[in-house]
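Structure below is structure.pdb: PDB, C-alpha atoms and all ligand atoms.
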ATOM      1  CA  MET Y 160     -43.981 -21.856 -16.945
ATOM      2  CA  SER Y 161     -41.655 -22.026 -13.944
ATOM      3  CA  SER Y 162     -39.047 -24.779 -14.197
ATOM      4  CA  SER Y 163     -40.168 -26.203 -10.836
ATOM      5  CA  ARG Y 164     -43.591 -27.363 -11.949
ATOM      6  CA  LYS Y 165     -44.571 -30.107 -14.344
ATOM      7  CA  PRO Y 166     -46.033 -28.791 -17.594
ATOM      8  CA  ASN Y 167     -49.767 -29.135 -18.234
ATOM      9  CA  ILE Y 168     -50.411 -31.062 -21.432
ATOM     10  CA  VAL Y 169     -53.787 -31.790 -22.976
ATOM     11  CA  VAL Y 170     -54.050 -34.973 -25.060
ATOM     12  CA  LEU Y 171     -56.778 -35.064 -27.692
ATOM     13  CA  GLY Y 172     -57.729 -38.582 -28.816
ATOM     14  CA  THR Y 173     -59.055 -38.999 -32.342
ATOM     15  CA  GLY Y 174     -58.711 -42.753 -32.967
ATOM     16  CA  GLY Y 175     -56.523 -44.738 -35.357
ATOM     17  CA  THR Y 176     -54.264 -47.735 -34.800
ATOM     18  CA  ILE Y 177     -52.834 -46.181 -31.642
ATOM     19  CA  ALA Y 178     -56.359 -46.718 -30.259
ATOM     20  CA  GLY Y 179     -56.764 -50.127 -31.893
ATOM     21  CA  HIS Y 180     -57.355 -53.668 -30.631
ATOM     22  CA  GLY Y 181     -56.280 -56.968 -32.175
ATOM     23  CA  ALA Y 182     -57.717 -60.403 -31.390
ATOM     24  CA  SER Y 183     -54.187 -61.777 -30.879
ATOM     25  CA  THR Y 184     -50.698 -60.425 -30.279
ATOM     26  CA  VAL Y 185     -49.669 -61.302 -33.834
ATOM     27  CA  ASN Y 186     -52.400 -59.180 -35.437
ATOM     28  CA  THR Y 187     -50.377 -56.305 -36.874
ATOM     29  CA  ALA Y 188     -52.496 -55.823 -39.996
ATOM     30  CA  ALA Y 189     -55.983 -57.206 -39.246
ATOM     31  CA  TYR Y 190     -57.337 -55.508 -36.110
ATOM     32  CA  ALA Y 191     -60.013 -53.058 -35.043
ATOM     33  CA  CYS Y 192     -59.004 -49.384 -35.230
ATOM     34  CA  SER Y 193     -60.274 -46.515 -33.102
ATOM     35  CA  VAL Y 194     -61.751 -48.457 -30.191
ATOM     36  CA  ARG Y 195     -59.573 -47.774 -27.127
ATOM     37  CA  PRO Y 196     -60.396 -44.535 -25.258
ATOM     38  CA  ILE Y 197     -57.547 -42.034 -24.929
ATOM     39  CA  GLU Y 198     -57.756 -42.147 -21.123
ATOM     40  CA  GLN Y 199     -57.106 -45.896 -21.122
ATOM     41  CA  ILE Y 200     -54.218 -45.565 -23.592
ATOM     42  CA  LEU Y 201     -52.514 -43.126 -21.235
ATOM     43  CA  ILE Y 202     -53.109 -45.192 -18.088
ATOM     44  CA  GLU Y 203     -51.049 -47.950 -19.722
ATOM     45  CA  ILE Y 204     -47.997 -45.630 -19.971
ATOM     46  CA  PRO Y 205     -47.298 -44.692 -16.305
ATOM     47  CA  ALA Y 206     -43.970 -43.009 -17.197
ATOM     48  CA  ILE Y 207     -45.945 -40.115 -18.677
ATOM     49  CA  ALA Y 208     -47.223 -39.033 -15.248
ATOM     50  CA  LEU Y 209     -43.596 -38.297 -14.250
ATOM     51  CA  ILE Y 210     -43.116 -35.679 -16.965
ATOM     52  CA  ALA Y 211     -46.453 -33.842 -17.209
ATOM     53  CA  ASN Y 212     -49.843 -33.153 -15.691
ATOM     54  CA  VAL Y 213     -52.181 -34.667 -18.250
ATOM     55  CA  LYS Y 214     -55.777 -33.978 -19.205
ATOM     56  CA  THR Y 215     -57.494 -35.938 -21.936
ATOM     57  CA  GLU Y 216     -60.347 -35.241 -24.344
ATOM     58  CA  GLN Y 217     -61.830 -37.785 -26.724
ATOM     59  CA  VAL Y 218     -62.639 -35.381 -29.556
ATOM     60  CA  LEU Y 219     -63.134 -38.080 -32.226
ATOM     61  CA  GLN Y 220     -62.907 -41.873 -32.408
ATOM     62  CA  MET Y 221     -62.500 -42.726 -36.097
ATOM     63  CA  GLY Y 222     -60.039 -43.915 -38.711
ATOM     64  CA  SER Y 223     -58.205 -40.941 -40.191
ATOM     65  CA  GLU Y 224     -59.171 -42.008 -43.724
ATOM     66  CA  ASN Y 225     -62.575 -40.536 -42.815
ATOM     67  CA  PHE Y 226     -61.200 -37.099 -41.948
ATOM     68  CA  GLY Y 227     -62.379 -34.218 -44.125
ATOM     69  CA  SER Y 228     -62.624 -30.459 -43.805
ATOM     70  CA  ALA Y 229     -65.139 -30.678 -40.933
ATOM     71  CA  GLN Y 230     -62.706 -32.690 -38.781
ATOM     72  CA  LEU Y 231     -59.759 -30.428 -39.630
ATOM     73  CA  LEU Y 232     -61.693 -27.275 -38.741
ATOM     74  CA  MET Y 233     -63.057 -28.767 -35.518
ATOM     75  CA  LEU Y 234     -59.587 -29.871 -34.398
ATOM     76  CA  ARG Y 235     -58.082 -26.482 -35.201
ATOM     77  CA  LYS Y 236     -60.801 -24.699 -33.214
ATOM     78  CA  ARG Y 237     -60.387 -26.911 -30.144
ATOM     79  CA  ILE Y 238     -56.577 -26.759 -30.151
ATOM     80  CA  ALA Y 239     -56.597 -22.974 -30.696
ATOM     81  CA  ALA Y 240     -58.852 -22.550 -27.659
ATOM     82  CA  LEU Y 241     -56.585 -24.782 -25.543
ATOM     83  CA  LEU Y 242     -53.450 -22.903 -26.609
ATOM     84  CA  GLN Y 243     -55.019 -19.609 -25.542
ATOM     85  CA  ASP Y 244     -55.390 -20.960 -22.005
ATOM     86  CA  ASP Y 245     -52.437 -19.816 -19.840
ATOM     87  CA  GLU Y 246     -52.718 -23.058 -17.880
ATOM     88  CA  VAL Y 247     -52.014 -25.202 -20.983
ATOM     89  CA  ASP Y 248     -48.349 -25.606 -21.945
ATOM     90  CA  GLY Y 249     -48.756 -27.921 -24.907
ATOM     91  CA  VAL Y 250     -51.109 -30.200 -26.818
ATOM     92  CA  VAL Y 251     -50.706 -33.754 -28.113
ATOM     93  CA  VAL Y 252     -53.093 -35.221 -30.686
ATOM     94  CA  THR Y 253     -53.285 -39.001 -31.097
ATOM     95  CA  HIS Y 254     -54.284 -39.696 -34.697
ATOM     96  CA  GLY Y 255     -54.576 -42.454 -37.259
ATOM     97  CA  THR Y 256     -51.426 -42.561 -39.334
ATOM     98  CA  ASP Y 257     -53.113 -42.603 -42.754
ATOM     99  CA  THR Y 258     -53.837 -38.873 -42.998
ATOM    100  CA  LEU Y 259     -51.809 -37.717 -40.007
ATOM    101  CA  ASP Y 260     -49.487 -35.799 -42.352
ATOM    102  CA  GLU Y 261     -52.442 -33.836 -43.797
ATOM    103  CA  THR Y 262     -53.906 -32.875 -40.408
ATOM    104  CA  ALA Y 263     -50.477 -31.930 -39.074
ATOM    105  CA  TYR Y 264     -49.814 -29.670 -42.091
ATOM    106  CA  PHE Y 265     -53.242 -28.023 -41.779
ATOM    107  CA  LEU Y 266     -52.570 -27.204 -38.113
ATOM    108  CA  HIS Y 267     -49.005 -26.089 -38.960
ATOM    109  CA  LEU Y 268     -50.482 -23.528 -41.363
ATOM    110  CA  THR Y 269     -53.348 -22.311 -39.185
ATOM    111  CA  LEU Y 270     -52.540 -22.347 -35.448
ATOM    112  CA  ASN Y 271     -51.544 -19.031 -33.901
ATOM    113  CA  SER Y 272     -49.225 -20.074 -31.082
ATOM    114  CA  VAL Y 273     -45.605 -20.934 -30.353
ATOM    115  CA  LYS Y 274     -46.623 -23.553 -27.789
ATOM    116  CA  PRO Y 275     -45.742 -27.140 -28.749
ATOM    117  CA  VAL Y 276     -48.375 -29.144 -30.617
ATOM    118  CA  VAL Y 277     -47.380 -32.733 -31.395
ATOM    119  CA  ILE Y 278     -49.284 -35.212 -33.553
ATOM    120  CA  VAL Y 279     -48.647 -38.890 -32.980
ATOM    121  CA  GLY Y 280     -49.909 -42.273 -34.159
ATOM    122  CA  ALA Y 281     -48.833 -45.891 -34.263
ATOM    123  CA  MET Y 282     -48.333 -48.540 -36.920
ATOM    124  CA  ARG Y 283     -49.229 -51.429 -34.590
ATOM    125  CA  PRO Y 284     -52.184 -51.613 -32.190
ATOM    126  CA  PRO Y 285     -51.461 -51.629 -28.432
ATOM    127  CA  THR Y 286     -52.336 -55.354 -28.315
ATOM    128  CA  ALA Y 287     -49.588 -56.360 -30.799
ATOM    129  CA  LEU Y 288     -46.101 -57.699 -30.098
ATOM    130  CA  SER Y 289     -43.623 -54.789 -30.180
ATOM    131  CA  ALA Y 290     -46.405 -52.204 -30.305
ATOM    132  CA  ASP Y 291     -44.950 -48.790 -31.193
ATOM    133  CA  GLY Y 292     -47.758 -46.622 -29.792
ATOM    134  CA  PRO Y 293     -46.616 -46.439 -26.148
ATOM    135  CA  LEU Y 294     -43.107 -45.158 -26.938
ATOM    136  CA  ASN Y 295     -44.388 -42.876 -29.713
ATOM    137  CA  LEU Y 296     -46.906 -41.347 -27.298
ATOM    138  CA  TYR Y 297     -44.354 -41.046 -24.503
ATOM    139  CA  ASN Y 298     -42.014 -39.270 -26.929
ATOM    140  CA  ALA Y 299     -44.861 -36.974 -28.008
ATOM    141  CA  MET Y 300     -45.457 -36.038 -24.362
ATOM    142  CA  VAL Y 301     -41.738 -35.375 -23.902
ATOM    143  CA  LEU Y 302     -41.803 -33.052 -26.884
ATOM    144  CA  ALA Y 303     -45.004 -31.258 -25.850
ATOM    145  CA  ALA Y 304     -43.544 -30.730 -22.378
ATOM    146  CA  SER Y 305     -40.225 -29.381 -23.633
ATOM    147  CA  PRO Y 306     -39.561 -25.627 -24.056
ATOM    148  CA  GLU Y 307     -37.175 -26.644 -26.877
ATOM    149  CA  SER Y 308     -40.185 -27.603 -28.997
ATOM    150  CA  GLN Y 309     -41.603 -24.070 -28.952
ATOM    151  CA  ALA Y 310     -41.910 -22.022 -32.160
ATOM    152  CA  LYS Y 311     -40.938 -24.911 -34.420
ATOM    153  CA  GLY Y 312     -44.387 -25.418 -35.897
ATOM    154  CA  ILE Y 313     -46.423 -28.569 -35.522
ATOM    155  CA  LEU Y 314     -44.271 -31.612 -34.825
ATOM    156  CA  VAL Y 315     -44.846 -35.245 -35.716
ATOM    157  CA  VAL Y 316     -43.001 -37.871 -33.709
ATOM    158  CA  ALA Y 317     -42.672 -41.469 -34.863
ATOM    159  CA  ASN Y 318     -40.095 -44.202 -34.423
ATOM    160  CA  ASP Y 319     -37.862 -41.897 -32.293
ATOM    161  CA  GLU Y 320     -37.749 -39.220 -35.024
ATOM    162  CA  ILE Y 321     -39.113 -35.665 -34.824
ATOM    163  CA  HIS Y 322     -40.505 -34.435 -38.145
ATOM    164  CA  SER Y 323     -41.785 -31.058 -39.275
ATOM    165  CA  ALA Y 324     -45.467 -31.191 -40.222
ATOM    166  CA  ARG Y 325     -44.581 -29.420 -43.466
ATOM    167  CA  ASP Y 326     -42.271 -32.097 -44.756
ATOM    168  CA  VAL Y 327     -43.434 -35.376 -43.265
ATOM    169  CA  VAL Y 328     -45.242 -37.970 -45.374
ATOM    170  CA  LYS Y 329     -46.502 -41.439 -44.516
ATOM    171  CA  SER Y 330     -44.453 -43.629 -46.796
ATOM    172  CA  SER Y 331     -45.050 -47.257 -45.763
ATOM    173  CA  THR Y 332     -48.161 -49.355 -45.249
ATOM    174  CA  PHE Y 333     -46.742 -51.403 -42.370
ATOM    175  CA  LYS Y 334     -43.156 -50.552 -41.354
ATOM    176  CA  LEU Y 335     -42.494 -48.807 -38.050
ATOM    177  CA  GLU Y 336     -40.336 -46.339 -39.956
ATOM    178  CA  ALA Y 337     -43.444 -45.239 -41.819
ATOM    179  CA  PHE Y 338     -42.853 -41.485 -41.611
ATOM    180  CA  ALA Y 339     -40.222 -39.757 -43.698
ATOM    181  CA  SER Y 340     -39.272 -36.195 -44.609
ATOM    182  CA  PRO Y 341     -37.407 -35.529 -47.871
ATOM    183  CA  TYR Y 342     -34.841 -33.396 -46.017
ATOM    184  CA  GLY Y 343     -34.627 -35.716 -42.992
ATOM    185  CA  PRO Y 344     -36.094 -35.383 -39.507
ATOM    186  CA  LEU Y 345     -35.645 -32.236 -37.387
ATOM    187  CA  GLY Y 346     -34.199 -34.398 -34.629
ATOM    188  CA  TYR Y 347     -34.740 -37.345 -32.334
ATOM    189  CA  VAL Y 348     -36.211 -38.225 -28.957
ATOM    190  CA  VAL Y 349     -34.058 -40.723 -27.085
ATOM    191  CA  GLU Y 350     -34.676 -41.801 -23.471
ATOM    192  CA  GLY Y 351     -36.987 -38.883 -22.811
ATOM    193  CA  ARG Y 352     -34.662 -36.233 -24.270
ATOM    194  CA  PRO Y 353     -35.394 -34.303 -27.447
ATOM    195  CA  SER Y 354     -32.449 -33.266 -29.640
ATOM    196  CA  PHE Y 355     -33.067 -30.840 -32.510
ATOM    197  CA  TYR Y 356     -30.589 -30.396 -35.375
ATOM    198  CA  ARG Y 357     -32.431 -28.149 -37.848
ATOM    199  CA  LEU Y 358     -35.482 -25.875 -38.196
ATOM    200  CA  PRO Y 359     -38.346 -25.537 -40.679
ATOM    201  CA  ALA Y 360     -37.455 -22.779 -43.176
ATOM    202  CA  ARG Y 361     -40.933 -22.021 -44.555
ATOM    203  CA  ARG Y 362     -43.668 -19.924 -42.903
ATOM    204  CA  HIS Y 363     -45.899 -21.561 -40.306
ATOM    205  CA  THR Y 364     -48.106 -20.958 -37.234
ATOM    206  CA  VAL Y 365     -47.640 -17.368 -35.961
ATOM    207  CA  ASN Y 366     -46.035 -16.323 -39.288
ATOM    208  CA  SER Y 367     -48.719 -17.873 -41.463
ATOM    209  CA  ILE Y 368     -51.394 -15.612 -42.969
ATOM    210  CA  TRP Y 369     -54.124 -18.058 -41.915
ATOM    211  CA  SER Y 370     -53.143 -18.232 -38.254
ATOM    212  CA  GLY Y 371     -55.010 -15.065 -37.333
ATOM    213  CA  SER Y 372     -58.163 -15.761 -39.330
ATOM    214  CA  GLU Y 373     -61.473 -17.414 -38.691
ATOM    215  CA  ILE Y 374     -61.971 -20.242 -41.178
ATOM    216  CA  HIS Y 375     -65.472 -21.708 -41.316
ATOM    217  CA  GLN Y 376     -65.303 -23.591 -44.587
ATOM    218  CA  LEU Y 377     -62.704 -24.901 -47.020
ATOM    219  CA  PRO Y 378     -63.163 -25.041 -50.795
ATOM    220  CA  GLU Y 379     -63.197 -28.380 -52.603
ATOM    221  CA  VAL Y 380     -59.906 -29.331 -54.248
ATOM    222  CA  GLY Y 381     -59.518 -32.659 -56.054
ATOM    223  CA  ILE Y 382     -56.503 -34.736 -57.090
ATOM    224  CA  VAL Y 383     -56.199 -36.665 -60.364
ATOM    225  CA  TYR Y 384     -53.414 -39.265 -60.499
ATOM    226  CA  ALA Y 385     -51.495 -39.711 -63.760
ATOM    227  CA  HIS Y 386     -50.477 -43.069 -65.239
ATOM    228  CA  GLY Y 387     -49.606 -44.458 -68.627
ATOM    229  CA  GLY Y 388     -52.720 -44.200 -70.780
ATOM    230  CA  VAL Y 389     -54.557 -41.931 -68.294
ATOM    231  CA  SER Y 390     -57.923 -40.809 -69.649
ATOM    232  CA  PRO Y 391     -58.861 -37.108 -69.998
ATOM    233  CA  ALA Y 392     -62.322 -38.231 -68.802
ATOM    234  CA  ALA Y 393     -60.874 -38.186 -65.258
ATOM    235  CA  ILE Y 394     -60.302 -34.429 -65.554
ATOM    236  CA  ALA Y 395     -63.725 -33.790 -67.070
ATOM    237  CA  ALA Y 396     -65.419 -35.796 -64.290
ATOM    238  CA  MET Y 397     -63.471 -33.989 -61.587
ATOM    239  CA  ALA Y 398     -64.299 -30.604 -63.167
ATOM    240  CA  ARG Y 399     -68.020 -31.501 -63.237
ATOM    241  CA  SER Y 400     -67.927 -32.415 -59.530
ATOM    242  CA  GLY Y 401     -67.741 -28.718 -58.614
ATOM    243  CA  VAL Y 402     -64.139 -28.405 -57.405
ATOM    244  CA  SER Y 403     -62.399 -25.015 -57.248
ATOM    245  CA  ALA Y 404     -59.059 -26.554 -58.235
ATOM    246  CA  ILE Y 405     -57.525 -29.784 -59.542
ATOM    247  CA  ILE Y 406     -54.109 -30.986 -58.475
ATOM    248  CA  TYR Y 407     -52.722 -33.135 -61.255
ATOM    249  CA  ALA Y 408     -50.300 -35.700 -59.784
ATOM    250  CA  ALA Y 409     -48.319 -35.825 -62.999
ATOM    251  CA  THR Y 410     -45.526 -38.197 -63.931
ATOM    252  CA  GLY Y 411     -41.866 -37.319 -63.278
ATOM    253  CA  SER Y 412     -41.095 -33.618 -62.968
ATOM    254  CA  GLY Y 413     -44.671 -32.628 -63.837
ATOM    255  CA  ASN Y 414     -44.977 -33.933 -67.380
ATOM    256  CA  VAL Y 415     -48.487 -33.902 -68.828
ATOM    257  CA  ALA Y 416     -49.581 -36.229 -71.664
ATOM    258  CA  ALA Y 417     -50.724 -34.382 -74.791
ATOM    259  CA  ASP Y 418     -54.434 -35.202 -74.574
ATOM    260  CA  MET Y 419     -54.460 -34.372 -70.839
ATOM    261  CA  VAL Y 420     -53.171 -30.879 -71.664
ATOM    262  CA  ASP Y 421     -56.357 -30.166 -73.603
ATOM    263  CA  ALA Y 422     -58.584 -31.454 -70.795
ATOM    264  CA  LEU Y 423     -56.716 -29.447 -68.166
ATOM    265  CA  ARG Y 424     -56.811 -26.298 -70.313
ATOM    266  CA  GLN Y 425     -60.547 -26.791 -70.775
ATOM    267  CA  ALA Y 426     -61.022 -27.059 -66.992
ATOM    268  CA  ARG Y 427     -58.964 -23.874 -66.511
ATOM    269  CA  ALA Y 428     -61.145 -22.105 -69.099
ATOM    270  CA  GLU Y 429     -64.115 -23.080 -66.907
ATOM    271  CA  GLY Y 430     -62.507 -21.232 -63.959
ATOM    272  CA  ILE Y 431     -60.920 -24.206 -62.193
ATOM    273  CA  HIS Y 432     -57.346 -23.719 -61.025
ATOM    274  CA  ILE Y 433     -54.904 -26.350 -62.282
ATOM    275  CA  VAL Y 434     -51.828 -27.303 -60.270
ATOM    276  CA  ARG Y 435     -49.061 -29.478 -61.651
ATOM    277  CA  ALA Y 436     -47.621 -31.787 -58.988
ATOM    278  CA  SER Y 437     -45.697 -35.041 -59.230
ATOM    279  CA  ARG Y 438     -46.617 -38.592 -58.321
ATOM    280  CA  THR Y 439     -42.932 -39.417 -57.616
ATOM    281  CA  GLY Y 440     -43.170 -38.447 -53.935
ATOM    282  CA  SER Y 441     -40.295 -35.984 -53.776
ATOM    283  CA  GLY Y 442     -38.540 -33.222 -55.695
ATOM    284  CA  ILE Y 443     -39.542 -29.910 -57.253
ATOM    285  CA  VAL Y 444     -42.098 -29.314 -60.001
ATOM    286  CA  MET Y 445     -40.769 -26.089 -61.471
ATOM    287  CA  ARG Y 446     -43.068 -23.385 -62.814
ATOM    288  CA  ASN Y 447     -42.762 -23.199 -66.627
ATOM    289  CA  GLY Y 448     -40.483 -26.251 -66.507
ATOM    290  CA  ALA Y 449     -42.152 -29.276 -68.133
ATOM    291  CA  GLN Y 450     -45.172 -27.186 -69.231
ATOM    292  CA  PRO Y 451     -45.716 -23.479 -70.076
ATOM    293  CA  ASP Y 452     -47.659 -22.606 -66.913
ATOM    294  CA  ASP Y 453     -47.671 -18.862 -67.661
ATOM    295  CA  ARG Y 454     -49.290 -19.488 -71.059
ATOM    296  CA  TYR Y 455     -51.904 -21.911 -69.675
ATOM    297  CA  ASP Y 456     -52.454 -19.907 -66.453
ATOM    298  CA  TRP Y 457     -51.643 -23.013 -64.393
ATOM    299  CA  LEU Y 458     -49.795 -23.389 -61.100
ATOM    300  CA  ALA Y 459     -46.779 -25.514 -60.191
ATOM    301  CA  VAL Y 460     -46.481 -27.115 -56.804
ATOM    302  CA  ASP Y 461     -42.832 -26.448 -55.875
ATOM    303  CA  ASP Y 462     -41.765 -29.428 -53.685
ATOM    304  CA  GLN Y 463     -44.998 -30.448 -51.990
ATOM    305  CA  VAL Y 464     -46.596 -33.903 -52.480
ATOM    306  CA  PRO Y 465     -50.098 -33.825 -54.035
ATOM    307  CA  HIS Y 466     -52.143 -34.582 -50.910
ATOM    308  CA  LYS Y 467     -50.358 -31.924 -48.862
ATOM    309  CA  ALA Y 468     -50.433 -29.429 -51.729
ATOM    310  CA  ARG Y 469     -54.199 -29.903 -51.569
ATOM    311  CA  ILE Y 470     -54.268 -28.755 -47.926
ATOM    312  CA  LEU Y 471     -52.183 -25.690 -48.760
ATOM    313  CA  LEU Y 472     -54.279 -24.837 -51.799
ATOM    314  CA  MET Y 473     -57.578 -25.146 -49.924
ATOM    315  CA  LEU Y 474     -56.260 -22.574 -47.475
ATOM    316  CA  ALA Y 475     -54.787 -20.376 -50.230
ATOM    317  CA  LEU Y 476     -58.178 -20.278 -51.980
ATOM    318  CA  THR Y 477     -59.810 -18.863 -48.829
ATOM    319  CA  ARG Y 478     -57.724 -15.716 -49.488
ATOM    320  CA  TYR Y 479     -56.732 -15.500 -53.145
ATOM    321  CA  THR Y 480     -58.068 -16.169 -56.607
ATOM    322  CA  ALA Y 481     -55.293 -14.759 -58.840
ATOM    323  CA  THR Y 482     -52.810 -17.302 -60.214
ATOM    324  CA  ARG Y 483     -49.816 -15.121 -59.276
ATOM    325  CA  GLU Y 484     -50.890 -14.878 -55.631
ATOM    326  CA  LEU Y 485     -51.635 -18.589 -55.425
ATOM    327  CA  GLN Y 486     -48.219 -19.392 -56.925
ATOM    328  CA  ASP Y 487     -46.575 -17.153 -54.305
ATOM    329  CA  VAL Y 488     -48.237 -19.257 -51.600
ATOM    330  CA  PHE Y 489     -46.593 -22.417 -52.959
ATOM    331  CA  GLN Y 490     -43.202 -20.709 -52.836
ATOM    332  CA  ALA Y 491     -43.676 -19.279 -49.305
ATOM    333  CA  TYR Y 492     -45.145 -22.223 -47.378
TER     334      TYR Y 492
HETATM  335  C1  LIG P   1     -55.974 -44.606 -39.477
HETATM  336  O1  LIG P   1     -55.281 -43.827 -40.123
HETATM  337  O2  LIG P   1     -56.882 -44.210 -38.750
HETATM  338  C2  LIG P   1     -55.769 -46.092 -39.586
HETATM  339  C3  LIG P   1     -54.375 -46.523 -39.754
HETATM  340  C4  LIG P   1     -53.435 -46.133 -38.651
HETATM  341  O3  LIG P   1     -53.721 -45.467 -37.687
HETATM  342  O4  LIG P   1     -52.275 -46.581 -38.769
END

Can the structure from this file be put into structure tokens for me?
Amino acid sequence: MSSSRKPNIVVLGTGGTIAGHGASTVNTAAYACSVRPIEQILIEIPAIALIANVKTEQVLQMGSENFGSAQLLMLRKRIAALLQDDEVDGVVVTHGTDTLDETAYFLHLTLNSVKPVVIVGAMRPPTALSADGPLNLYNAMVLAASPESQAKGILVVANDEIHSARDVVKSSTFKLEAFASPYGPLGYVVEGRPSFYRLPARRHTVNSIWSGSEIHQLPEVGIVYAHGGVSPAAIAAMARSGVSAIIYAATGSGNVAADMVDALRQARAEGIHIVRASRTGSGIVMRNGAQPDDRYDWLAVDDQVPHKARILLMLALTRYTATRELQDVFQAY
């Protein structure tokens, strides 16, 4: 791209609060989601036309809680095709915030390009007082249009912060500072200028083993959430549902109650992979730490939260079946 022309950015609308509508300006919790078309959202932010040539596509219009493998694969296919086009300099995806971190991580692991791809949402609908969507989307366009964003993996921008798709997690039901990364943001966007201070260390996009491959289907992976008095019946039911793997969101550093150990070992004996994760929301679950994973032929999640470990494991299972290889994936990505 020559520095004299405005970059060409394609914005894919998928719905969410950023496309919402409330009956009054004080509706910040009770409002309709996924109703405003992406073209209209952009018209209401004229400053964007100064920084990029914009094309829009309404690829979905639904709450992100409804997203499953079909939506992830469709989005990946469409974005991959756009990134191959020499005329496209970057892509922005507007997305519901609920599962934005999962979609962003999936794209981070599977897109084969260094061009900027930015995922963005909002915590308040455009009709609300102090709506956050317009500035979030403007900042996403700034990032997608900036050569500085290249080769950093998929970026999530929210509340002025730039997060790596690998690390970011939605961590509040209503606050504007709803997105957090355990190691902090990569940087900030302030007054239309991105500033980066660190880089993602783990493999992504062009260095990911999935970026070059066709993926038509993802295996089923379930999550069981631990609590005091958790019943082993939850594991048995999940195993019967036909999953290839169960992520056990264990307590603390991956501790497993005694009667759950038996249920999880039984599921492993039936061929289902077992992954110890933690429900705490941050920190490492160390292999052979709280449980003898080698002896049980289980996996440990490293530092990933359960719902993002699920995305990684679904991809890992498209390539590998051996426990050792699957464990290596958790340490590399
Ligand atoms: C959604 O995730 O689609 C609804 C909630 C939101 O966008 O904040």

Got a sec: who's within 10 Å of Glu261 in chain Y, counting only C-alpha atoms, leaving out chain neighbours fewer than 6 positions off, as a list in words?
Ser223, Phe226, Gly227, Leu231, His267, Ala324, Arg325, Val327, Val328, Lys329, His466, Lys467, Ala468, Arg469, Ile470 and Leu471 of chain Y

Distance limit 6 Å, reference ligand LIG 1 (chain P), atoms considered: only C-alpha atoms and all ligand atoms. Which residues make the cut? Give them as a ChimeraX atom specification.
/Y:175-176,222-224,255-258,281-282

Selection near range 370-381 of chain Y, 6 Å with all atoms listed in the file, sequence-local residues under 2 positions removed, as a PyMOL selection string
chain Y and resi 269-271+364+367-368+402-405+473

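Put simply, the PyMOL selection byres (((chain Y and resi 389) around 12) and not hetatm) on this file hits Y:Val383, Y:Tyr384, Y:Ala385, Y:His386, Y:Gly387, Y:Gly388, Y:Ser390, Y:Pro391, Y:Ala392, Y:Ala393, Y:Ile394, Y:Tyr407, Y:Ala408, Y:Ala409, Y:Thr410, Y:Val415, Y:Ala416, Y:Ala417, Y:Asp418, Y:Met419, Y:Val420, Y:Ala422.
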
Would you kindly identify which residues have an atom no farther than 7 Å from (-31.5, -31.1, -36.6), using all atoms listed in the file and the file's own coordinates, and write them out as a ChimeraX atom specification?
/Y:344-346,355-358

Which residues, named as in the file, does the PyMOL selection byres (((chain Y and resi 221) around 6) and not hetatm) pick out? Answer as a PyMOL selection string.
chain Y and resi 174+193+220+222

Against range 183-190 of chain Y, which residues of range 253-311 of chain Y fall within 10 Å? For each one I want the closest pair of atoms and the distance in Å (one decimal), counting only C-alpha atoms, rows by chain and increasing residue number, as CSV.
residue,atom,partner,partner_atom,distance
Y:Met282,CA,Y:Thr187,CA,8.0
Y:Arg283,CA,Y:Thr187,CA,5.5
Y:Pro284,CA,Y:Thr187,CA,6.9
Y:Pro285,CA,Y:Thr184,CA,9.0
Y:Thr286,CA,Y:Thr184,CA,5.7
Y:Ala287,CA,Y:Thr184,CA,4.2
Y:Leu288,CA,Y:Thr184,CA,5.3
Y:Ser289,CA,Y:Thr184,CA,9.0
Y:Ala290,CA,Y:Thr187,CA,8.7

Starting from 3 Å padding per side, set up an axis-aligned box that covers all listed atoms of range 222-228 of chain Y and hand over centre and edge lengths in Å, one decimal, as JSON.
{"center_x": -60.4, "center_y": -37.2, "center_z": -41.4, "size_x": 10.4, "size_y": 19.5, "size_z": 11.4}

Please, which residues in range 207-322 of chain Y fall within 7 Å of range 335-341 of chain Y when counting only C-alpha atoms, and what is the closest atom pair and distance in Å to one decimal for each, ordered by chain then residue number, as JSON lines?
{"residue": "Y:Met282", "atom": "CA", "partner": "Y:Leu335", "partner_atom": "CA", "distance": 6.0}
{"residue": "Y:Ala317", "atom": "CA", "partner": "Y:Phe338", "partner_atom": "CA", "distance": 6.8}
{"residue": "Y:Asn318", "atom": "CA", "partner": "Y:Glu336", "partner_atom": "CA", "distance": 5.9}
{"residue": "Y:His322", "atom": "CA", "partner": "Y:Ser340", "partner_atom": "CA", "distance": 6.8}

Expressed in Å, the length from CA of Met233 in chain Y to CA of Trp369 in chain Y is 15.3 Å

For Glu198 in chain Y, please output as a tab-separated table (two decimals) with C-alpha atoms, keeping the file's coordinate frame all residues within 12 Å (counting only C-alpha atoms; exclusion window: fewer than 6 positions along the same chain).
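Listing of part-v1.tsv after writing:
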chain	number	residue	atom	x	y	z
Y	169	VAL	CA	-53.79	-31.79	-22.98
Y	170	VAL	CA	-54.05	-34.97	-25.06
Y	171	LEU	CA	-56.78	-35.06	-27.69
Y	172	GLY	CA	-57.73	-38.58	-28.82
Y	173	THR	CA	-59.06	-39.00	-32.34
Y	174	GLY	CA	-58.71	-42.75	-32.97
Y	178	ALA	CA	-56.36	-46.72	-30.26
Y	204	ILE	CA	-48.00	-45.63	-19.97
Y	205	PRO	CA	-47.30	-44.69	-16.30
Y	213	VAL	CA	-52.18	-34.67	-18.25
Y	214	LYS	CA	-55.78	-33.98	-19.20
Y	215	THR	CA	-57.49	-35.94	-21.94
Y	216	GLU	CA	-60.35	-35.24	-24.34
Y	217	GLN	CA	-61.83	-37.78	-26.72
Y	218	VAL	CA	-62.64	-35.38	-29.56
Y	253	THR	CA	-53.28	-39.00	-31.10
